[in-house]
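Peer 1: Supplied structure: target.tsv, TSV, N, CA and C atoms.
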chain	number	residue	atom	x	y	z
Q	1	MET	N	0.85	-1.19	0.00
Q	1	MET	CA	0.00	0.00	0.00
Q	1	MET	C	0.88	1.24	0.00
Q	2	ALA	N	0.50	2.23	-0.76
Q	2	ALA	CA	1.27	3.48	-0.84
Q	2	ALA	C	1.15	4.26	0.47
Q	3	ASN	N	2.13	5.07	0.74
Q	3	ASN	CA	2.11	5.94	1.90
Q	3	ASN	C	0.96	6.93	1.76
Q	4	LEU	N	0.14	7.07	2.81
Q	4	LEU	CA	-1.01	7.98	2.75
Q	4	LEU	C	-0.59	9.41	2.46
Q	5	ALA	N	0.56	9.83	2.97
Q	5	ALA	CA	1.03	11.20	2.76
Q	5	ALA	C	1.33	11.48	1.29
Q	6	ASP	N	1.52	10.43	0.49
Q	6	ASP	CA	1.78	10.62	-0.94
Q	6	ASP	C	0.57	11.17	-1.68
Q	7	ARG	N	-0.59	11.16	-1.06
Q	7	ARG	CA	-1.80	11.66	-1.70
Q	7	ARG	C	-2.38	12.85	-0.94
Q	8	GLN	N	-1.52	13.56	-0.19
Q	8	GLN	CA	-1.98	14.75	0.52
Q	8	GLN	C	-1.42	15.99	-0.16
Q	9	ILE	N	-1.89	17.16	0.21
Q	9	ILE	CA	-1.60	18.41	-0.47
Q	9	ILE	C	-0.12	18.67	-0.76
Q	10	PRO	N	0.82	18.42	0.15
Q	10	PRO	CA	2.22	18.74	-0.18
Q	10	PRO	C	2.72	18.08	-1.46
Q	11	GLU	N	2.15	16.97	-1.86
Q	11	GLU	CA	2.55	16.30	-3.09
Q	11	GLU	C	1.98	16.96	-4.34
Q	12	TYR	N	1.10	17.94	-4.16
Q	12	TYR	CA	0.41	18.59	-5.28
Q	12	TYR	C	0.76	20.06	-5.42
Q	13	LEU	N	1.77	20.54	-4.73
Q	13	LEU	CA	2.10	21.96	-4.74
Q	13	LEU	C	2.42	22.49	-6.14
Q	14	ASP	N	2.99	21.67	-6.99
Q	14	ASP	CA	3.37	22.12	-8.33
Q	14	ASP	C	2.21	22.05	-9.35
Q	15	TYR	N	1.04	21.68	-8.91
Q	15	TYR	CA	-0.10	21.60	-9.82
Q	15	TYR	C	-0.73	22.97	-10.09
Q	16	VAL	N	-0.37	23.96	-9.28
Q	16	VAL	CA	-0.83	25.34	-9.47
Q	16	VAL	C	0.38	26.26	-9.32
Q	17	GLY	N	0.19	27.54	-9.57
Q	17	GLY	CA	1.29	28.49	-9.49
Q	17	GLY	C	1.84	28.64	-8.08
Q	18	PRO	N	3.09	29.07	-7.98
Q	18	PRO	CA	3.76	29.18	-6.69
Q	18	PRO	C	3.12	30.19	-5.73
Q	19	GLY	N	2.36	31.13	-6.24
Q	19	GLY	CA	1.71	32.10	-5.38
Q	19	GLY	C	0.64	31.51	-4.48
Q	20	TRP	N	0.15	30.33	-4.82
Q	20	TRP	CA	-0.89	29.69	-4.02
Q	20	TRP	C	-0.34	28.61	-3.10
Q	21	ARG	N	0.95	28.40	-3.07
Q	21	ARG	CA	1.51	27.33	-2.22
Q	21	ARG	C	1.26	27.58	-0.73
Q	22	GLY	N	1.33	28.84	-0.30
Q	22	GLY	CA	1.05	29.15	1.10
Q	22	GLY	C	-0.39	28.80	1.46
Q	23	ILE	N	-1.31	29.09	0.56
Q	23	ILE	CA	-2.72	28.75	0.79
Q	23	ILE	C	-2.86	27.23	0.90
Q	24	LEU	N	-2.20	26.52	0.00
Q	24	LEU	CA	-2.27	25.05	0.03
Q	24	LEU	C	-1.71	24.48	1.33
Q	25	MET	N	-0.59	25.02	1.80
Q	25	MET	CA	0.01	24.48	3.02
Q	25	MET	C	-0.84	24.80	4.25
Q	26	ARG	N	-1.47	25.97	4.30
Q	26	ARG	CA	-2.39	26.27	5.41
Q	26	ARG	C	-3.60	25.33	5.35
Q	27	THR	N	-4.09	25.08	4.14
Q	27	THR	CA	-5.21	24.17	3.97
Q	27	THR	C	-4.83	22.77	4.44
Q	28	HIS	N	-3.63	22.34	4.09
Q	28	HIS	CA	-3.14	21.03	4.52
Q	28	HIS	C	-3.12	20.94	6.05
Q	29	ALA	N	-2.58	21.96	6.71
Q	29	ALA	CA	-2.51	21.95	8.18
Q	29	ALA	C	-3.91	21.90	8.80
Q	30	GLU	N	-4.83	22.66	8.23
Q	30	GLU	CA	-6.20	22.67	8.75
Q	30	GLU	C	-6.90	21.33	8.53
Q	31	LEU	N	-6.67	20.72	7.37
Q	31	LEU	CA	-7.27	19.41	7.10
Q	31	LEU	C	-6.69	18.35	8.02
Q	32	LEU	N	-5.37	18.39	8.25
Q	32	LEU	CA	-4.75	17.41	9.15
Q	32	LEU	C	-5.35	17.48	10.54
Q	33	ALA	N	-5.73	18.69	10.98
Q	33	ALA	CA	-6.28	18.87	12.32
Q	33	ALA	C	-7.65	18.20	12.47
Q	34	VAL	N	-8.41	18.11	11.39
Q	34	VAL	CA	-9.76	17.54	11.50
Q	34	VAL	C	-9.89	16.17	10.83
Q	35	LEU	N	-9.02	15.89	9.86
Q	35	LEU	CA	-9.12	14.64	9.10
Q	35	LEU	C	-7.71	14.19	8.71
Q	36	PRO	N	-6.94	13.66	9.66
Q	36	PRO	CA	-5.52	13.38	9.43
Q	36	PRO	C	-5.21	12.46	8.24
Q	37	ASN	N	-6.12	11.59	7.89
Q	37	ASN	CA	-5.87	10.65	6.80
Q	37	ASN	C	-6.55	11.05	5.50
Q	38	TYR	N	-6.83	12.36	5.33
Q	38	TYR	CA	-7.49	12.80	4.10
Q	38	TYR	C	-6.63	12.44	2.88
Q	39	GLN	N	-7.28	12.30	1.75
Q	39	GLN	CA	-6.59	11.99	0.50
Q	39	GLN	C	-7.06	12.94	-0.59
Q	40	VAL	N	-6.13	13.43	-1.39
Q	40	VAL	CA	-6.44	14.33	-2.48
Q	40	VAL	C	-6.77	13.54	-3.74
Q	41	ALA	N	-7.82	13.96	-4.43
Q	41	ALA	CA	-8.13	13.40	-5.74
Q	41	ALA	C	-7.58	14.32	-6.83
Q	42	GLN	N	-7.62	15.65	-6.57
Q	42	GLN	CA	-7.18	16.60	-7.60
Q	42	GLN	C	-6.93	17.97	-6.98
Q	43	VAL	N	-5.88	18.64	-7.48
Q	43	VAL	CA	-5.61	20.05	-7.16
Q	43	VAL	C	-5.38	20.74	-8.49
Q	44	LYS	N	-6.11	21.85	-8.71
Q	44	LYS	CA	-5.97	22.56	-9.98
Q	44	LYS	C	-6.46	23.99	-9.83
Q	45	GLU	N	-6.21	24.78	-10.86
Q	45	GLU	CA	-6.77	26.11	-10.99
Q	45	GLU	C	-7.99	25.96	-11.88
Q	46	LYS	N	-9.10	26.55	-11.48
Q	46	LYS	CA	-10.31	26.50	-12.29
Q	46	LYS	C	-11.05	27.82	-12.12
Q	47	TRP	N	-11.31	28.51	-13.24
Q	47	TRP	CA	-12.01	29.78	-13.22
Q	47	TRP	C	-11.30	30.81	-12.35
Q	48	GLY	N	-9.98	30.76	-12.33
Q	48	GLY	CA	-9.21	31.73	-11.56
Q	48	GLY	C	-9.16	31.45	-10.08
Q	49	MET	N	-9.58	30.25	-9.66
Q	49	MET	CA	-9.60	29.88	-8.25
Q	49	MET	C	-8.89	28.55	-8.03
Q	50	LEU	N	-8.42	28.38	-6.82
Q	50	LEU	CA	-7.84	27.12	-6.40
Q	50	LEU	C	-8.98	26.11	-6.23
Q	51	ASP	N	-8.80	24.94	-6.78
Q	51	ASP	CA	-9.82	23.89	-6.70
Q	51	ASP	C	-9.16	22.64	-6.14
Q	52	VAL	N	-9.47	22.31	-4.89
Q	52	VAL	CA	-8.93	21.12	-4.23
Q	52	VAL	C	-10.08	20.14	-4.06
Q	53	ASN	N	-9.91	18.96	-4.61
Q	53	ASN	CA	-10.93	17.91	-4.49
Q	53	ASN	C	-10.35	16.74	-3.71
Q	54	LEU	N	-11.06	16.33	-2.69
Q	54	LEU	CA	-10.61	15.20	-1.89
Q	54	LEU	C	-11.22	13.91	-2.41
Q	55	GLY	N	-10.48	12.83	-2.20
Q	55	GLY	CA	-10.98	11.52	-2.59
Q	55	GLY	C	-11.93	10.98	-1.54
Q	56	ALA	N	-12.51	9.85	-1.84
Q	56	ALA	CA	-13.40	9.18	-0.90
Q	56	ALA	C	-12.62	8.85	0.37
Q	57	TYR	N	-13.28	8.95	1.50
Q	57	TYR	CA	-12.61	8.70	2.78
Q	57	TYR	C	-13.03	7.35	3.33
Q	58	VAL	N	-12.03	6.57	3.69
Q	58	VAL	CA	-12.26	5.29	4.36
Q	58	VAL	C	-11.52	5.36	5.69
Q	59	ASP	N	-12.26	5.19	6.78
Q	59	ASP	CA	-11.65	5.25	8.11
Q	59	ASP	C	-10.61	4.13	8.23
Q	60	PRO	N	-9.36	4.50	8.56
Q	60	PRO	CA	-8.30	3.49	8.62
Q	60	PRO	C	-8.46	2.49	9.77
Q	61	VAL	N	-9.25	2.83	10.78
Q	61	VAL	CA	-9.45	1.93	11.92
Q	61	VAL	C	-10.66	1.03	11.70
Q	62	THR	N	-11.78	1.64	11.35
Q	62	THR	CA	-13.02	0.86	11.23
Q	62	THR	C	-13.27	0.34	9.83
Q	63	GLY	N	-12.65	0.96	8.83
Q	63	GLY	CA	-12.90	0.57	7.44
Q	63	GLY	C	-14.19	1.14	6.89
Q	64	GLU	N	-14.86	1.98	7.69
Q	64	GLU	CA	-16.11	2.58	7.24
Q	64	GLU	C	-15.86	3.64	6.18
Q	65	PHE	N	-16.79	3.73	5.26
Q	65	PHE	CA	-16.71	4.66	4.14
Q	65	PHE	C	-17.44	5.95	4.50
Q	66	GLY	N	-16.80	7.11	4.25
Q	66	GLY	CA	-17.44	8.40	4.45
Q	66	GLY	C	-17.12	9.02	5.80
Q	67	ILE	N	-17.60	10.25	5.98
Q	67	ILE	CA	-17.38	11.00	7.21
Q	67	ILE	C	-18.73	11.54	7.69
Q	68	SER	N	-18.75	11.97	8.95
Q	68	SER	CA	-19.99	12.51	9.51
Q	68	SER	C	-20.35	13.82	8.84
Q	69	ARG	N	-21.60	14.19	8.97
Q	69	ARG	CA	-22.08	15.45	8.40
Q	69	ARG	C	-21.33	16.63	9.02
Q	70	GLU	N	-21.12	16.58	10.34
Q	70	GLU	CA	-20.40	17.66	11.03
Q	70	GLU	C	-18.97	17.79	10.50
Q	71	LEU	N	-18.27	16.67	10.37
Q	71	LEU	CA	-16.91	16.70	9.85
Q	71	LEU	C	-16.91	17.16	8.39
Q	72	GLY	N	-17.90	16.72	7.62
Q	72	GLY	CA	-18.02	17.15	6.24
Q	72	GLY	C	-18.19	18.66	6.14
Q	73	SER	N	-18.94	19.24	7.05
Q	73	SER	CA	-19.12	20.69	7.07
Q	73	SER	C	-17.81	21.40	7.38
Q	74	GLN	N	-17.04	20.86	8.31
Q	74	GLN	CA	-15.73	21.45	8.64
Q	74	GLN	C	-14.79	21.39	7.44
Q	75	VAL	N	-14.73	20.24	6.78
Q	75	VAL	CA	-13.86	20.08	5.61
Q	75	VAL	C	-14.29	21.01	4.50
Q	76	SER	N	-15.59	21.11	4.26
Q	76	SER	CA	-16.09	22.01	3.22
Q	76	SER	C	-15.73	23.46	3.52
Q	77	ALA	N	-15.82	23.86	4.78
Q	77	ALA	CA	-15.47	25.23	5.17
Q	77	ALA	C	-13.98	25.51	4.93
Q	78	ILE	N	-13.13	24.54	5.22
Q	78	ILE	CA	-11.68	24.69	4.99
Q	78	ILE	C	-11.40	24.86	3.50
Q	79	LEU	N	-12.00	24.02	2.67
Q	79	LEU	CA	-11.78	24.09	1.23
Q	79	LEU	C	-12.37	25.37	0.63
Q	80	ARG	N	-13.51	25.80	1.14
Q	80	ARG	CA	-14.14	27.04	0.67
Q	80	ARG	C	-13.26	28.25	1.02
Q	81	ALA	N	-12.69	28.26	2.22
Q	81	ALA	CA	-11.81	29.36	2.63
Q	81	ALA	C	-10.58	29.43	1.73
Q	82	ALA	N	-10.02	28.29	1.37
Q	82	ALA	CA	-8.86	28.27	0.47
Q	82	ALA	C	-9.24	28.80	-0.91
Q	83	ARG	N	-10.37	28.37	-1.40
Q	83	ARG	CA	-10.84	28.85	-2.70
Q	83	ARG	C	-11.06	30.36	-2.68
Q	84	ASP	N	-11.71	30.85	-1.63
Q	84	ASP	CA	-11.99	32.28	-1.53
Q	84	ASP	C	-10.70	33.10	-1.42
Q	85	GLU	N	-9.73	32.61	-0.65
Q	85	GLU	CA	-8.46	33.32	-0.54
Q	85	GLU	C	-7.73	33.34	-1.89
Q	86	SER	N	-7.80	32.27	-2.63
Q	86	SER	CA	-7.12	32.21	-3.93
Q	86	SER	C	-7.71	33.23	-4.91
Q	87	ARG	N	-8.96	33.57	-4.76
Q	87	ARG	CA	-9.61	34.55	-5.65
Q	87	ARG	C	-9.07	35.96	-5.43
Q	88	ARG	N	-8.32	36.17	-4.34
Q	88	ARG	CA	-7.73	37.47	-4.01
Q	88	ARG	C	-6.21	37.45	-4.05
Q	89	THR	N	-5.63	36.33	-4.49
Q	89	THR	CA	-4.19	36.12	-4.40
Q	89	THR	C	-3.61	35.78	-5.77
Q	90	CYS	N	-2.55	36.49	-6.17
Q	90	CYS	CA	-1.90	36.22	-7.45
Q	90	CYS	C	-1.33	34.80	-7.44
Q	91	GLU	N	-1.71	34.04	-8.44
Q	91	GLU	CA	-1.24	32.66	-8.55
Q	91	GLU	C	0.26	32.58	-8.81
Q	92	VAL	N	0.83	33.63	-9.36
Q	92	VAL	CA	2.26	33.62	-9.69
Q	92	VAL	C	3.13	33.97	-8.48
Q	93	CYS	N	2.76	35.06	-7.77
Q	93	CYS	CA	3.66	35.55	-6.73
Q	93	CYS	C	3.09	35.60	-5.32
Q	94	GLY	N	1.79	35.43	-5.16
Q	94	GLY	CA	1.18	35.44	-3.84
Q	94	GLY	C	0.76	36.82	-3.34
Q	95	GLU	N	1.02	37.85	-4.11
Q	95	GLU	CA	0.59	39.21	-3.73
Q	95	GLU	C	-0.91	39.34	-3.99
Q	96	PRO	N	-1.54	40.41	-3.46
Q	96	PRO	CA	-2.96	40.60	-3.74
Q	96	PRO	C	-3.22	40.64	-5.24
Q	97	GLY	N	-4.27	39.98	-5.67
Q	97	GLY	CA	-4.60	39.91	-7.09
Q	97	GLY	C	-6.10	39.93	-7.31
Q	98	SER	N	-6.46	39.93	-8.58
Q	98	SER	CA	-7.88	39.89	-8.95
Q	98	SER	C	-8.01	39.10	-10.24
Q	99	GLU	N	-9.24	38.75	-10.56
Q	99	GLU	CA	-9.49	37.96	-11.76
Q	99	GLU	C	-9.15	38.77	-13.00
Q	100	THR	N	-8.48	38.14	-13.94
Q	100	THR	CA	-8.13	38.75	-15.22
Q	100	THR	C	-8.52	37.80	-16.33
Q	101	GLY	N	-8.63	38.34	-17.52
Q	101	GLY	CA	-8.91	37.51	-18.68
Q	101	GLY	C	-10.39	37.34	-18.93
Q	102	ARG	N	-10.68	36.89	-20.13
Q	102	ARG	CA	-12.07	36.65	-20.49
Q	102	ARG	C	-12.28	35.18	-20.82
Q	103	GLY	N	-11.47	34.64	-21.73
Q	103	GLY	CA	-11.62	33.25	-22.10
Q	103	GLY	C	-11.06	32.32	-21.04
Q	104	TRP	N	-9.86	32.63	-20.58
Q	104	TRP	CA	-9.22	31.83	-19.55
Q	104	TRP	C	-8.99	32.75	-18.37
Q	105	ILE	N	-9.74	32.56	-17.30
Q	105	ILE	CA	-9.68	33.45	-16.15
Q	105	ILE	C	-8.51	33.04	-15.26
Q	106	LYS	N	-7.71	34.01	-14.86
Q	106	LYS	CA	-6.60	33.81	-13.94
Q	106	LYS	C	-6.73	34.85	-12.83
Q	107	THR	N	-6.20	34.56	-11.67
Q	107	THR	CA	-6.13	35.55	-10.60
Q	107	THR	C	-4.68	35.99	-10.50
Q	108	LEU	N	-4.45	37.26	-10.83
Q	108	LEU	CA	-3.09	37.78	-10.92
Q	108	LEU	C	-3.00	39.17	-10.31
Q	109	CYS	N	-1.81	39.55	-9.88
Q	109	CYS	CA	-1.55	40.90	-9.41
Q	109	CYS	C	-1.38	41.80	-10.63
Q	110	PRO	N	-1.38	43.13	-10.46
Q	110	PRO	CA	-1.21	44.02	-11.60
Q	110	PRO	C	0.07	43.75	-12.39
Q	111	ASP	N	1.17	43.43	-11.72
Q	111	ASP	CA	2.43	43.17	-12.43
Q	111	ASP	C	2.34	41.94	-13.34
Q	112	HIS	N	1.73	40.87	-12.88
Q	112	HIS	CA	1.66	39.65	-13.68
Q	112	HIS	C	0.50	39.65	-14.66
Q	113	ALA	N	-0.42	40.59	-14.52
Q	113	ALA	CA	-1.55	40.68	-15.45
Q	113	ALA	C	-1.24	41.55	-16.66
Q	114	GLN	N	-0.09	42.21	-16.67
Q	114	GLN	CA	0.25	43.09	-17.78
Q	114	GLN	C	0.47	42.30	-19.06
Q	115	PRO	N	-0.07	42.78	-20.18
Q	115	PRO	CA	0.17	42.11	-21.46
Q	115	PRO	C	1.67	42.05	-21.75
Q	116	GLY	N	2.07	40.98	-22.36
Q	116	GLY	CA	3.49	40.83	-22.71
Q	116	GLY	C	4.31	40.19	-21.61
Q	117	GLN	N	3.69	39.96	-20.44
Q	117	GLN	CA	4.40	39.32	-19.33
Q	117	GLN	C	4.33	37.80	-19.41
Q	118	GLY	N	3.49	37.30	-20.32
Q	118	GLY	CA	3.35	35.85	-20.45
Q	118	GLY	C	2.67	35.22	-19.25
Q	119	ALA	N	1.83	36.00	-18.56
Q	119	ALA	CA	1.23	35.54	-17.32
Q	119	ALA	C	0.44	34.25	-17.49
Q	120	THR	N	-0.27	34.09	-18.60
Q	120	THR	CA	-1.07	32.90	-18.75
Q	120	THR	C	-0.22	31.66	-18.99
Q	121	ARG	N	1.03	31.83	-19.33
Q	121	ARG	CA	1.90	30.67	-19.54
Q	121	ARG	C	2.84	30.43	-18.37
Q	122	ASP	N	2.97	31.39	-17.45
Q	122	ASP	CA	3.91	31.24	-16.32
Q	122	ASP	C	3.37	30.35	-15.23
Q	123	VAL	N	2.08	30.11	-15.21
Q	123	VAL	CA	1.51	29.34	-14.12
Q	123	VAL	C	0.99	28.02	-14.58
The structure given in the file should be rewritten as structure tokens.

Peer 2:
Amino acid sequence: MANLADRQIPEYLDYVGPGWRGILMRTHAELLAVLPNYQVAQVKEKWGMLDVNLGAYVDPVTGEFGISRELGSQVSAILRAARDESRRTCEVCGEPGSETGRGWIKTLCPDHAQPGQGATRDV
């Protein structure tokens, strides 16, 4: 069996721009506090926001599938906070940013949103 930590957020830091790594690591710490054996299914940028999707949860002690409604609400709040913070944070550098673009939305600071900076290819 693979190491459980191999499917947690630190293994997915390079799936989005470096400006969001701090958000991801805070999210990881918060998830560990409430669901130590969480598993990531996907980390990506979508519509200019950080999108973290967790895999199905199987309790390592009981083998039961799923989590309680209360725990699910806590996990959802953690993921929602990360998404909301990413909407205000440049994906490239981590400075304050806003949504840019029309076809492909990115969240970037004024410096990285300037035309000719290659912002859509840097992340």

Peer 1: Which residues in chain Q does DSSP call strand (DSSP E or B)? List them as a list of chain:residue names.

Peer 2: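 Restricting chain Q to strand (DSSP E or B) produces Q:Val40, Q:Ala41, Q:Gln42, Q:Val43, Q:Lys44, Q:Glu45, Q:Lys46, Q:Met49, Q:Leu50, Q:Asp51, Q:Val52, Q:Asn53, Q:Leu54, Q:Val58, Q:Phe65, Q:Thr89, Q:Pro96, Q:Ser98, Q:Glu99, Q:Thr100, Q:Lys106, Q:Thr107, Q:Leu108.
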
Peer 1: Give me the residues near range 64-81 of chain Q as a short mmCIF file (atom, residue, chain, number, x, y, z; two decimals) with N, CA and C atoms, keeping the file's coordinate frame, where near means some atom within 7 Å (using only N, CA and C atoms) and where sequence neighbours in that chain fewer than 4 positions away do not count.

Peer 2:
data_model
loop_
_atom_site.label_atom_id
_atom_site.label_comp_id
_atom_site.auth_asym_id
_atom_site.auth_seq_id
_atom_site.Cartn_x
_atom_site.Cartn_y
_atom_site.Cartn_z
N THR Q 27 -4.09 25.08 4.14
CA THR Q 27 -5.21 24.17 3.97
C THR Q 27 -4.83 22.77 4.44
N GLU Q 30 -4.83 22.66 8.23
CA GLU Q 30 -6.20 22.67 8.75
C GLU Q 30 -6.90 21.33 8.53
N LEU Q 31 -6.67 20.72 7.37
CA LEU Q 31 -7.27 19.41 7.10
C LEU Q 31 -6.69 18.35 8.02
N VAL Q 52 -9.47 22.31 -4.89
CA VAL Q 52 -8.93 21.12 -4.23
C VAL Q 52 -10.08 20.14 -4.06
N ALA Q 56 -12.51 9.85 -1.84
CA ALA Q 56 -13.40 9.18 -0.90
C ALA Q 56 -12.62 8.85 0.37
N TYR Q 57 -13.28 8.95 1.50
CA TYR Q 57 -12.61 8.70 2.78
C TYR Q 57 -13.03 7.35 3.33
N VAL Q 58 -12.03 6.57 3.69
CA VAL Q 58 -12.26 5.29 4.36
C VAL Q 58 -11.52 5.36 5.69
N ASP Q 59 -12.26 5.19 6.78
CA ASP Q 59 -11.65 5.25 8.11
C ASP Q 59 -10.61 4.13 8.23
N PRO Q 60 -9.36 4.50 8.56
CA PRO Q 60 -8.30 3.49 8.62
C PRO Q 60 -8.46 2.49 9.77
N GLU Q 85 -9.73 32.61 -0.65
CA GLU Q 85 -8.46 33.32 -0.54
C GLU Q 85 -7.73 33.34 -1.89
N SER Q 86 -7.80 32.27 -2.63
CA SER Q 86 -7.12 32.21 -3.93
C SER Q 86 -7.71 33.23 -4.91
#

Peer 1: Using only N, CA and C atoms, find the one residue out of Q:Gly17, Q:Met49, Q:Gln8, Q:Gln42 that sits nearest to Asp84 in chain Q.

Peer 2: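 Among the listed residues, Q:Met49 lies closest to Asp84 in chain Q.
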
Peer 1: Write out as a list of chain:residue names all residues of range 55-112 of chain Q that DSSP puts in alpha helix (DSSP H) for this structure's backbone.

Peer 2: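 Result set for range 55-112 of chain Q (alpha helix (DSSP H)): Q:Arg69, Q:Glu70, Q:Leu71, Q:Gly72, Q:Ser73, Q:Gln74, Q:Val75, Q:Ser76, Q:Ala77, Q:Ile78, Q:Leu79, Q:Arg80, Q:Ala81, Q:Ala82, Q:Arg83, Q:Asp84, Q:Glu85, Q:Ser86, Q:Pro110, Q:Asp111, Q:His112.
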
Peer 1: Can you work out the spacing between atom N of Ala33 in chain Q and atom C of Trp47 in chain Q in Å, to one decimal?

Peer 2: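 A separation of 26.9 Å between them.
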
Peer 1: Just the residues within 7 Å of range 90-98 of chain Q, please, counting all atoms listed in the file, with nothing from its chain fewer than 5 positions along; format it as a ChimeraX atom specification.

Peer 2: /Q:16-20,106-110,122-123

Peer 1: So the first atom is CA of Ile105 in chain Q and the second is atom C of Leu50 in chain Q; what is the distance between them in Å, to one decimal place?

Peer 2: 12.4 Å

Peer 1: Which residues, written as a PyMOL selection string, have at least one atom at most 6.5 Å from Tyr15 in chain Q, with all atoms listed in the file counted and residues fewer than 2 positions away on the same chain left out?

Peer 2: chain Q and resi 12-13+17+43-45
